[in-house]
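Q: So here's coords_37.txt, just compact mmCIF, C-alpha atoms:
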```txt
# COMPACT_ATOMS: atom_id res chain seq x y z
CA MET A 1 -17.18 -2.56 -13.30
CA PHE A 2 -15.85 -0.21 -10.70
CA PRO A 3 -12.22 0.50 -10.06
CA LEU A 4 -12.55 -0.48 -6.43
CA SER A 5 -14.35 -3.75 -7.27
CA LEU A 6 -11.45 -4.63 -9.49
CA LEU A 7 -9.06 -3.76 -6.73
CA THR A 8 -10.85 -5.81 -4.09
CA THR A 9 -11.02 -8.72 -6.51
CA ALA A 10 -7.28 -8.43 -7.00
CA LYS A 11 -6.54 -9.15 -3.34
CA GLY A 12 -3.77 -11.69 -2.98
CA ASN A 13 -2.39 -10.99 -6.44
CA PRO A 14 0.83 -9.27 -7.40
CA MET A 15 0.55 -5.76 -8.72
CA LEU A 16 2.51 -2.64 -9.47
CA ILE A 17 1.66 0.65 -7.86
CA GLU A 18 3.16 3.92 -8.94
CA LEU A 19 2.95 6.79 -6.51
CA LYS A 20 2.57 10.40 -7.47
CA ASN A 21 6.20 10.96 -6.58
CA GLY A 22 7.23 8.44 -9.25
CA ASP A 23 8.32 5.59 -7.00
CA THR A 24 6.90 2.21 -7.94
CA TYR A 25 6.01 -0.63 -5.61
CA ASN A 26 5.70 -4.22 -6.78
CA GLY A 27 4.06 -6.50 -4.29
CA ARG A 28 1.19 -8.73 -3.38
CA LEU A 29 -1.99 -6.90 -2.47
CA VAL A 30 -3.04 -7.77 1.05
CA ASN A 31 -5.85 -5.35 1.58
CA ALA A 32 -7.43 -2.26 0.11
CA ASP A 33 -10.16 -0.01 1.40
CA SER A 34 -12.60 2.45 -0.11
CA TRP A 35 -10.01 5.24 0.01
CA MET A 36 -7.68 3.03 -2.00
CA ASN A 37 -5.35 2.82 0.98
CA ILE A 38 -3.41 -0.32 0.33
CA SER A 39 -1.24 -2.76 2.19
CA LEU A 40 1.29 -4.77 0.24
CA GLN A 41 3.51 -7.68 1.14
CA GLY A 42 6.78 -8.83 -0.33
CA VAL A 43 7.46 -5.45 -1.85
CA ILE A 44 10.15 -4.31 -4.22
CA CYS A 45 10.40 -0.54 -4.32
CA THR A 46 11.91 1.12 -7.37
CA SER A 47 13.07 4.70 -7.23
CA LYS A 48 11.64 7.31 -9.57
CA ASP A 49 14.44 7.04 -12.13
CA GLY A 50 14.60 3.26 -11.87
CA ASP A 51 18.17 3.00 -10.65
CA ARG A 52 17.74 2.07 -6.99
CA PHE A 53 15.79 -0.82 -5.55
CA TRP A 54 14.69 -1.80 -2.08
CA ASN A 55 13.23 -4.92 -0.62
CA ILE A 56 10.46 -4.25 1.89
CA ALA A 57 8.66 -6.96 3.84
CA GLU A 58 5.38 -5.09 3.85
CA CYS A 59 4.14 -1.57 3.54
CA TYR A 60 1.10 0.60 3.89
CA ILE A 61 0.38 3.04 1.07
CA ARG A 62 -2.04 5.91 1.43
CA GLY A 63 -4.56 5.91 -1.41
CA ASN A 64 -4.13 9.62 -1.71
CA SER A 65 -0.60 9.31 -3.04
CA ILE A 66 -1.27 6.70 -5.72
CA LYS A 67 -0.91 7.66 -9.38
CA TYR A 68 -1.93 4.35 -10.90
CA LEU A 69 -1.94 0.61 -10.35
CA ARG A 70 -1.12 -2.16 -12.78
CA ILE A 71 -3.11 -5.31 -12.15
CA PRO A 72 -2.74 -8.76 -13.78
CA ASP A 73 -4.99 -9.21 -16.83
CA GLU A 74 -6.74 -12.25 -15.38
CA ILE A 75 -8.39 -10.21 -12.68
CA ILE A 76 -10.76 -8.58 -15.10
CA ASP A 77 -12.43 -11.93 -15.84
CA MET A 78 -12.76 -12.70 -12.18
CA VAL A 79 -14.57 -9.43 -11.60
CA GLN A 80 -17.12 -10.14 -14.27
CA GLU A 81 -17.85 -13.54 -12.77
CA GLU A 82 -18.30 -12.05 -9.36
CA GLU A 83 -20.19 -9.04 -10.46
CA MET A 84 -23.55 -10.03 -9.06
CA PRO A 85 -22.45 -11.01 -5.55
CA VAL A 86 -20.09 -8.09 -5.39
CA LYS A 87 -22.88 -5.75 -6.30
CA ASP A 88 -25.19 -7.15 -3.64
CA LYS A 89 -22.49 -6.95 -1.05
CA ASN A 90 -21.79 -3.36 -1.89
CA LYS A 91 -25.40 -2.52 -1.78
CA LYS A 92 -25.68 -3.88 1.71
CA SER A 93 -22.61 -2.23 3.04
CA PHE A 94 -23.44 1.06 1.45
CA SER A 95 -26.99 1.11 2.67
CA HIS A 96 -25.76 0.40 6.17
CA ARG A 97 -23.42 3.22 5.85
CA GLY A 98 -26.10 5.53 4.63
CA ARG A 99 -28.40 4.80 7.49
CA GLY A 100 -25.53 4.84 9.87
CA GLY A 101 -25.43 8.53 9.45
CA ARG A 102 -22.89 9.23 6.80
CA VAL A 103 -25.32 9.93 4.02
CA ASN A 104 -27.86 11.46 6.31
CA THR A 105 -25.49 13.80 8.05
CA THR A 106 -23.95 14.99 4.85
CA GLY A 107 -27.25 15.16 3.06
CA ARG A 108 -25.61 13.25 0.31
CA GLY A 109 -28.43 10.81 -0.14
CA ARG A 110 -30.61 13.56 -1.41
CA GLY A 111 -27.87 14.93 -3.54
CA ARG A 112 -27.77 11.83 -5.65
CA GLY A 113 -31.07 12.81 -7.19
CA GLY A 114 -33.50 10.56 -8.95
CA ARG A 115 -35.15 9.78 -5.67
CA GLY A 116 -38.66 10.24 -6.89
CA GLY A 117 -38.29 7.78 -9.67
CA ARG A 118 -36.38 5.21 -7.70
CA ARG A 119 -38.67 5.26 -4.78
CA GLY A 120 -41.34 3.44 -6.71
CA GLU A 121 -39.02 0.47 -7.09
CA GLY A 122 -39.27 -0.34 -3.45
CA ARG A 123 -35.61 0.31 -2.79
CA GLY A 124 -35.81 4.02 -3.04
CA ASN A 125 -34.21 4.59 0.31
CA ASP A 126 -31.00 3.10 -0.88
CA GLY A 127 -29.59 6.20 -2.39
CA ARG A 128 -26.39 4.60 -3.54
CA GLY A 129 -27.67 1.23 -4.60
CA GLY A 130 -30.20 2.59 -7.02
CA PRO A 131 -27.91 4.38 -9.44
CA ARG A 132 -25.42 1.57 -9.16
CA GLY A 133 -27.87 -0.98 -10.51
CA GLY A 134 -28.84 1.34 -13.28
CA ALA A 135 -25.31 1.90 -14.41
CA ARG A 136 -24.60 -1.72 -15.06
CA MET U 1 -15.72 -1.78 0.17
CA THR U 2 -14.33 -3.54 3.18
CA SER U 3 -16.31 -3.49 6.35
CA LYS U 4 -13.25 -2.27 8.22
CA PRO U 5 -12.91 1.49 8.00
CA THR U 6 -9.27 1.22 7.08
CA VAL U 7 -6.67 -1.31 6.07
CA LEU U 8 -4.27 0.40 8.39
CA ASP U 9 -2.73 -2.09 10.77
CA LEU U 10 0.13 -0.21 12.34
CA GLU U 11 -0.57 -1.76 15.73
CA LYS U 12 1.92 -4.50 15.01
CA TYR U 13 4.70 -1.98 14.38
CA ILE U 14 4.29 -0.15 17.70
CA ASP U 15 7.67 0.28 19.42
CA GLN U 16 9.44 -0.87 16.27
CA GLU U 17 11.39 1.25 13.86
CA VAL U 18 9.40 2.31 10.81
CA SER U 19 10.08 4.43 7.76
CA VAL U 20 7.60 7.11 6.76
CA LYS U 21 7.61 8.78 3.36
CA PHE U 22 5.88 12.08 2.83
CA GLN U 23 4.34 13.69 -0.17
CA GLY U 24 6.95 16.02 -1.53
CA GLY U 25 9.80 13.60 -0.98
CA ARG U 26 10.85 13.81 2.65
CA GLU U 27 11.61 10.55 4.34
CA VAL U 28 12.06 9.84 8.03
CA ARG U 29 12.48 6.83 10.23
CA GLY U 30 11.77 6.46 13.89
CA ILE U 31 10.23 4.30 16.56
CA LEU U 32 6.47 4.17 16.15
CA LYS U 33 4.81 5.33 19.34
CA GLY U 34 1.28 5.90 18.14
CA PHE U 35 -1.03 6.53 15.22
CA ASP U 36 -4.68 7.25 14.43
CA PRO U 37 -7.09 6.41 11.60
CA LEU U 38 -5.99 9.52 9.71
CA VAL U 39 -2.46 8.14 9.77
CA ASN U 40 -1.14 10.91 11.92
CA VAL U 41 1.89 9.15 13.33
CA VAL U 42 4.00 9.69 16.44
CA LEU U 43 7.66 8.80 15.99
CA ASP U 44 10.31 8.81 18.67
CA GLU U 45 14.03 9.21 18.08
CA CYS U 46 13.13 10.29 14.60
CA VAL U 47 15.83 10.76 11.96
CA GLU U 48 15.26 12.46 8.64
CA THR U 49 17.19 11.22 5.64
CA LEU U 50 18.35 14.32 3.81
CA ARG U 51 17.89 14.72 0.09
CA ASP U 52 20.01 15.88 -2.76
CA PRO U 53 19.72 19.68 -2.88
CA ASN U 54 19.26 19.47 -6.63
CA ASP U 55 16.73 16.65 -6.66
CA ALA U 56 14.03 16.57 -4.02
CA TYR U 57 13.38 12.89 -4.64
CA ARG U 58 16.95 11.62 -4.43
CA LEU U 59 18.06 10.59 -0.97
CA THR U 60 21.60 10.99 0.26
CA ASP U 61 23.42 9.26 3.09
CA LYS U 62 23.18 12.35 5.27
CA THR U 63 20.71 12.45 8.10
CA ARG U 64 19.54 14.86 10.73
CA ARG U 65 18.02 14.11 14.09
CA LEU U 66 14.52 15.31 14.78
CA GLY U 67 13.73 13.60 18.08
CA LEU U 68 10.07 13.16 18.95
CA VAL U 69 7.74 14.14 16.13
CA VAL U 70 4.13 13.97 15.04
CA CYS U 71 3.78 13.30 11.32
CA ARG U 72 0.72 14.90 9.83
CA GLY U 73 -1.46 12.22 8.28
CA LEU U 74 -2.46 14.24 5.24
CA GLN U 75 1.14 14.42 4.11
CA VAL U 76 2.06 10.81 4.81
CA SER U 77 2.20 8.72 1.67
CA LEU U 78 3.79 5.50 2.87
CA VAL U 79 4.58 3.65 6.07
CA CYS U 80 6.70 0.52 6.23
CA PRO U 81 8.61 -1.33 8.94
CA ASN U 82 12.36 -0.91 8.84
CA GLU U 83 12.91 -4.53 9.67
CA GLY U 84 13.48 -6.35 6.41
CA LEU U 85 14.14 -3.15 4.52
CA GLN U 86 17.29 -3.31 2.45
CA GLU U 87 18.61 -1.88 -0.75
CA ILE U 88 19.06 -4.54 -3.43
CA GLU U 89 20.41 -4.96 -6.92
CA ASN U 90 18.06 -4.57 -9.85
CA PRO U 91 15.76 -7.60 -9.51
CA PHE U 92 14.05 -7.04 -12.85
CA GLY U 93 17.01 -7.69 -15.15
CA GLN U 94 17.62 -5.06 -17.78
CA GLN U 95 14.20 -3.57 -17.60
CA PRO U 96 13.69 -1.67 -14.39
CA GLN U 97 9.93 -2.13 -14.30
CA ILE U 98 7.52 -4.86 -15.34
```
Rewrite the structure from the file as structure tokens, please.

A:
Amino acid sequence: MFPLSLLTTAKGNPMLIELKNGDTYNGRLVNADSWMNISLQGVICTSKDGDRFWNIAECYIRGNSIKYLRIPDEIIDMVQEEEMPVKDKNKKSFSHRGRGGRVNTTGRGRGRGGRGGRRGEGRGNDGRGGPRGGAR
Amino acid sequence: MTSKPTVLDLEKYIDQEVSVKFQGGREVRGILKGFDPLVNVVLDECVETLRDPNDAYRLTDKTRRLGLVVCRGLQVSLVCPNEGLQEIENPFGQQPQI
């Protein structure tokens, strides 16, 4: 299970996010992307020392500034159920991305290594998908 | 994970007042005039909320006017609309956090 799979599975659920500056945000996860940028709705912001509170209709949090997230326990079961489809989806989107130029321009595809061995499997071009399957 | 490159949807806040918090503790509000995928943000009639000189993360009631500013995306940690923003009593009972 990957942190971001868990996070995408948690869409629509309430969660707590603490930022690096110590502020916490309780709200319903609307969307999250691969940088862990997050948009929340129905937010209650708590100051660092826990003595001031704000109500915020919605907010956008930059993934960069997140310290940690607390997610409802149930989500972990949902991820396991959805693991296969999620994996396939990722594989597709990542391979698109790779061919789209990101991996190629950065040379990252090669950097992942293990190409020789993977290639024989018929999916060798998918630099990111290969190791992902293996890790499961 | 998502097919969209970013979850950023600031389009709907254009020409509305938003609050922007920065890494390091500064906080400003202003009228959103523009933004980009890196979350560089253009604010008009921007006002910074000053902080306690002894505690960089504690805001005071004092403000200072900045006018038209560009907020550097790298330093932005949070953007939220000012509409519907209000300070409230502790909603969690005795315990401040869940």

Q: May I have the residues of chain A within 10 Å of chain U, counting all atoms listed in the file, written as number ranges by chain?

A: A: 4-5, 7-8, 15-16, 19-26, 30-40, 42-66, 70, 86, 89-91, 93-94, 97

Q: Just write the chosen residues, C-alpha atoms, as a PDB file, keeping the file's coordinate frame.

A:
```pdb
ATOM      1  CA  LEU A   4     -12.550  -0.480  -6.430  1.00  0.00           C
ATOM      2  CA  SER A   5     -14.350  -3.750  -7.270  1.00  0.00           C
ATOM      3  CA  LEU A   7      -9.060  -3.760  -6.730  1.00  0.00           C
ATOM      4  CA  THR A   8     -10.850  -5.810  -4.090  1.00  0.00           C
ATOM      5  CA  MET A  15       0.550  -5.760  -8.720  1.00  0.00           C
ATOM      6  CA  LEU A  16       2.510  -2.640  -9.470  1.00  0.00           C
ATOM      7  CA  LEU A  19       2.950   6.790  -6.510  1.00  0.00           C
ATOM      8  CA  LYS A  20       2.570  10.400  -7.470  1.00  0.00           C
ATOM      9  CA  ASN A  21       6.200  10.960  -6.580  1.00  0.00           C
ATOM     10  CA  GLY A  22       7.230   8.440  -9.250  1.00  0.00           C
ATOM     11  CA  ASP A  23       8.320   5.590  -7.000  1.00  0.00           C
ATOM     12  CA  THR A  24       6.900   2.210  -7.940  1.00  0.00           C
ATOM     13  CA  TYR A  25       6.010  -0.630  -5.610  1.00  0.00           C
ATOM     14  CA  ASN A  26       5.700  -4.220  -6.780  1.00  0.00           C
ATOM     15  CA  VAL A  30      -3.040  -7.770   1.050  1.00  0.00           C
ATOM     16  CA  ASN A  31      -5.850  -5.350   1.580  1.00  0.00           C
ATOM     17  CA  ALA A  32      -7.430  -2.260   0.110  1.00  0.00           C
ATOM     18  CA  ASP A  33     -10.160  -0.010   1.400  1.00  0.00           C
ATOM     19  CA  SER A  34     -12.600   2.450  -0.110  1.00  0.00           C
ATOM     20  CA  TRP A  35     -10.010   5.240   0.010  1.00  0.00           C
ATOM     21  CA  MET A  36      -7.680   3.030  -2.000  1.00  0.00           C
ATOM     22  CA  ASN A  37      -5.350   2.820   0.980  1.00  0.00           C
ATOM     23  CA  ILE A  38      -3.410  -0.320   0.330  1.00  0.00           C
ATOM     24  CA  SER A  39      -1.240  -2.760   2.190  1.00  0.00           C
ATOM     25  CA  LEU A  40       1.290  -4.770   0.240  1.00  0.00           C
ATOM     26  CA  GLY A  42       6.780  -8.830  -0.330  1.00  0.00           C
ATOM     27  CA  VAL A  43       7.460  -5.450  -1.850  1.00  0.00           C
ATOM     28  CA  ILE A  44      10.150  -4.310  -4.220  1.00  0.00           C
ATOM     29  CA  CYS A  45      10.400  -0.540  -4.320  1.00  0.00           C
ATOM     30  CA  THR A  46      11.910   1.120  -7.370  1.00  0.00           C
ATOM     31  CA  SER A  47      13.070   4.700  -7.230  1.00  0.00           C
ATOM     32  CA  LYS A  48      11.640   7.310  -9.570  1.00  0.00           C
ATOM     33  CA  ASP A  49      14.440   7.040 -12.130  1.00  0.00           C
ATOM     34  CA  GLY A  50      14.600   3.260 -11.870  1.00  0.00           C
ATOM     35  CA  ASP A  51      18.170   3.000 -10.650  1.00  0.00           C
ATOM     36  CA  ARG A  52      17.740   2.070  -6.990  1.00  0.00           C
ATOM     37  CA  PHE A  53      15.790  -0.820  -5.550  1.00  0.00           C
ATOM     38  CA  TRP A  54      14.690  -1.800  -2.080  1.00  0.00           C
ATOM     39  CA  ASN A  55      13.230  -4.920  -0.620  1.00  0.00           C
ATOM     40  CA  ILE A  56      10.460  -4.250   1.890  1.00  0.00           C
ATOM     41  CA  ALA A  57       8.660  -6.960   3.840  1.00  0.00           C
ATOM     42  CA  GLU A  58       5.380  -5.090   3.850  1.00  0.00           C
ATOM     43  CA  CYS A  59       4.140  -1.570   3.540  1.00  0.00           C
ATOM     44  CA  TYR A  60       1.100   0.600   3.890  1.00  0.00           C
ATOM     45  CA  ILE A  61       0.380   3.040   1.070  1.00  0.00           C
ATOM     46  CA  ARG A  62      -2.040   5.910   1.430  1.00  0.00           C
ATOM     47  CA  GLY A  63      -4.560   5.910  -1.410  1.00  0.00           C
ATOM     48  CA  ASN A  64      -4.130   9.620  -1.710  1.00  0.00           C
ATOM     49  CA  SER A  65      -0.600   9.310  -3.040  1.00  0.00           C
ATOM     50  CA  ILE A  66      -1.270   6.700  -5.720  1.00  0.00           C
ATOM     51  CA  ARG A  70      -1.120  -2.160 -12.780  1.00  0.00           C
ATOM     52  CA  VAL A  86     -20.090  -8.090  -5.390  1.00  0.00           C
ATOM     53  CA  LYS A  89     -22.490  -6.950  -1.050  1.00  0.00           C
ATOM     54  CA  ASN A  90     -21.790  -3.360  -1.890  1.00  0.00           C
ATOM     55  CA  LYS A  91     -25.400  -2.520  -1.780  1.00  0.00           C
ATOM     56  CA  SER A  93     -22.610  -2.230   3.040  1.00  0.00           C
ATOM     57  CA  PHE A  94     -23.440   1.060   1.450  1.00  0.00           C
ATOM     58  CA  ARG A  97     -23.420   3.220   5.850  1.00  0.00           C
TER      59      ARG A  97
END
```

Q: One decimal, in Å: what's the spacing between CA of Leu32 in chain U and CA of Tyr13 in chain U?

A: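 We find that CA of Leu32 in chain U and CA of Tyr13 in chain U lie 6.6 Å from each other.
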
Q: Measure the distance from CA of Asp77 in chain A to CA of Leu6 in chain A in Å and round it to one decimal.

A: 9.7 Å

Q: What separation in Å, quoted to one decimal, exists between CA of Arg51 in chain U and CA of Lys67 in chain A?

A: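 According to the coordinates, CA of Arg51 in chain U and CA of Lys67 in chain A are separated by 22.2 Å.
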
Q: For range 63-81 of chain U, where the input has fewer atoms than it should, I would like N, CA, C and O atoms rebuilt and written as a PDB file, in the frame of the given file.

A:
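Contents of out_34.pdb, as written:
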```
ATOM      1  N   THR U  63      21.928  12.452   7.299  1.00  0.00           N
ATOM      2  CA  THR U  63      20.710  12.450   8.100  1.00  0.00           C
ATOM      3  C   THR U  63      20.729  13.629   9.060  1.00  0.00           C
ATOM      4  O   THR U  63      21.759  14.256   9.260  1.00  0.00           O
ATOM      5  N   ARG U  64      19.576  13.907   9.618  1.00  0.00           N
ATOM      6  CA  ARG U  64      19.540  14.860  10.730  1.00  0.00           C
ATOM      7  C   ARG U  64      18.541  14.361  11.762  1.00  0.00           C
ATOM      8  O   ARG U  64      17.524  13.746  11.415  1.00  0.00           O
ATOM      9  N   ARG U  65      18.861  14.629  13.006  1.00  0.00           N
ATOM     10  CA  ARG U  65      18.020  14.110  14.090  1.00  0.00           C
ATOM     11  C   ARG U  65      16.865  15.062  14.353  1.00  0.00           C
ATOM     12  O   ARG U  65      17.044  16.273  14.403  1.00  0.00           O
ATOM     13  N   LEU U  66      15.686  14.495  14.492  1.00  0.00           N
ATOM     14  CA  LEU U  66      14.520  15.310  14.780  1.00  0.00           C
ATOM     15  C   LEU U  66      13.965  15.059  16.169  1.00  0.00           C
ATOM     16  O   LEU U  66      13.238  15.882  16.695  1.00  0.00           O
ATOM     17  N   GLY U  67      14.260  13.909  16.751  1.00  0.00           N
ATOM     18  CA  GLY U  67      13.730  13.600  18.080  1.00  0.00           C
ATOM     19  C   GLY U  67      12.299  13.101  18.007  1.00  0.00           C
ATOM     20  O   GLY U  67      11.958  12.302  17.141  1.00  0.00           O
ATOM     21  N   LEU U  68      11.466  13.612  18.897  1.00  0.00           N
ATOM     22  CA  LEU U  68      10.070  13.160  18.950  1.00  0.00           C
ATOM     23  C   LEU U  68       9.225  14.012  18.013  1.00  0.00           C
ATOM     24  O   LEU U  68       9.238  15.235  18.111  1.00  0.00           O
ATOM     25  N   VAL U  69       8.525  13.363  17.092  1.00  0.00           N
ATOM     26  CA  VAL U  69       7.740  14.140  16.130  1.00  0.00           C
ATOM     27  C   VAL U  69       6.331  13.557  15.961  1.00  0.00           C
ATOM     28  O   VAL U  69       6.097  12.382  16.235  1.00  0.00           O
ATOM     29  N   VAL U  70       5.437  14.414  15.529  1.00  0.00           N
ATOM     30  CA  VAL U  70       4.130  13.970  15.040  1.00  0.00           C
ATOM     31  C   VAL U  70       4.119  14.212  13.545  1.00  0.00           C
ATOM     32  O   VAL U  70       4.350  15.336  13.089  1.00  0.00           O
ATOM     33  N   CYS U  71       3.868  13.169  12.774  1.00  0.00           N
ATOM     34  CA  CYS U  71       3.780  13.300  11.320  1.00  0.00           C
ATOM     35  C   CYS U  71       2.327  13.526  10.956  1.00  0.00           C
ATOM     36  O   CYS U  71       1.462  12.741  11.332  1.00  0.00           O
ATOM     37  N   ARG U  72       2.080  14.553  10.235  1.00  0.00           N
ATOM     38  CA  ARG U  72       0.720  14.900   9.830  1.00  0.00           C
ATOM     39  C   ARG U  72       0.206  13.887   8.791  1.00  0.00           C
ATOM     40  O   ARG U  72       0.823  13.689   7.739  1.00  0.00           O
ATOM     41  N   GLY U  73      -0.946  13.291   9.118  1.00  0.00           N
ATOM     42  CA  GLY U  73      -1.460  12.220   8.280  1.00  0.00           C
ATOM     43  C   GLY U  73      -1.686  12.601   6.829  1.00  0.00           C
ATOM     44  O   GLY U  73      -1.444  11.813   5.920  1.00  0.00           O
ATOM     45  N   LEU U  74      -2.163  13.820   6.612  1.00  0.00           N
ATOM     46  CA  LEU U  74      -2.460  14.240   5.240  1.00  0.00           C
ATOM     47  C   LEU U  74      -1.243  14.151   4.343  1.00  0.00           C
ATOM     48  O   LEU U  74      -1.361  13.921   3.148  1.00  0.00           O
ATOM     49  N   GLN U  75      -0.068  14.368   4.921  1.00  0.00           N
ATOM     50  CA  GLN U  75       1.140  14.420   4.110  1.00  0.00           C
ATOM     51  C   GLN U  75       1.841  13.062   4.004  1.00  0.00           C
ATOM     52  O   GLN U  75       2.761  12.906   3.206  1.00  0.00           O
ATOM     53  N   VAL U  76       1.399  12.119   4.829  1.00  0.00           N
ATOM     54  CA  VAL U  76       2.060  10.810   4.810  1.00  0.00           C
ATOM     55  C   VAL U  76       1.640  10.054   3.563  1.00  0.00           C
ATOM     56  O   VAL U  76       0.464   9.995   3.229  1.00  0.00           O
ATOM     57  N   SER U  77       2.604   9.512   2.824  1.00  0.00           N
ATOM     58  CA  SER U  77       2.200   8.720   1.670  1.00  0.00           C
ATOM     59  C   SER U  77       2.506   7.244   1.856  1.00  0.00           C
ATOM     60  O   SER U  77       1.872   6.399   1.223  1.00  0.00           O
ATOM     61  N   LEU U  78       3.442   6.911   2.730  1.00  0.00           N
ATOM     62  CA  LEU U  78       3.790   5.500   2.870  1.00  0.00           C
ATOM     63  C   LEU U  78       4.384   5.215   4.241  1.00  0.00           C
ATOM     64  O   LEU U  78       5.147   6.029   4.763  1.00  0.00           O
ATOM     65  N   VAL U  79       4.000   4.086   4.804  1.00  0.00           N
ATOM     66  CA  VAL U  79       4.580   3.650   6.070  1.00  0.00           C
ATOM     67  C   VAL U  79       5.037   2.213   5.907  1.00  0.00           C
ATOM     68  O   VAL U  79       4.276   1.381   5.403  1.00  0.00           O
ATOM     69  N   CYS U  80       6.272   1.917   6.269  1.00  0.00           N
ATOM     70  CA  CYS U  80       6.700   0.520   6.230  1.00  0.00           C
ATOM     71  C   CYS U  80       7.674   0.243   7.374  1.00  0.00           C
ATOM     72  O   CYS U  80       8.369   1.141   7.841  1.00  0.00           O
ATOM     73  N   PRO U  81       7.693  -0.996   7.855  1.00  0.00           N
ATOM     74  CA  PRO U  81       8.610  -1.330   8.940  1.00  0.00           C
ATOM     75  C   PRO U  81      10.045  -1.359   8.424  1.00  0.00           C
ATOM     76  O   PRO U  81      10.282  -1.745   7.278  1.00  0.00           O
TER      77      PRO U  81
END
```
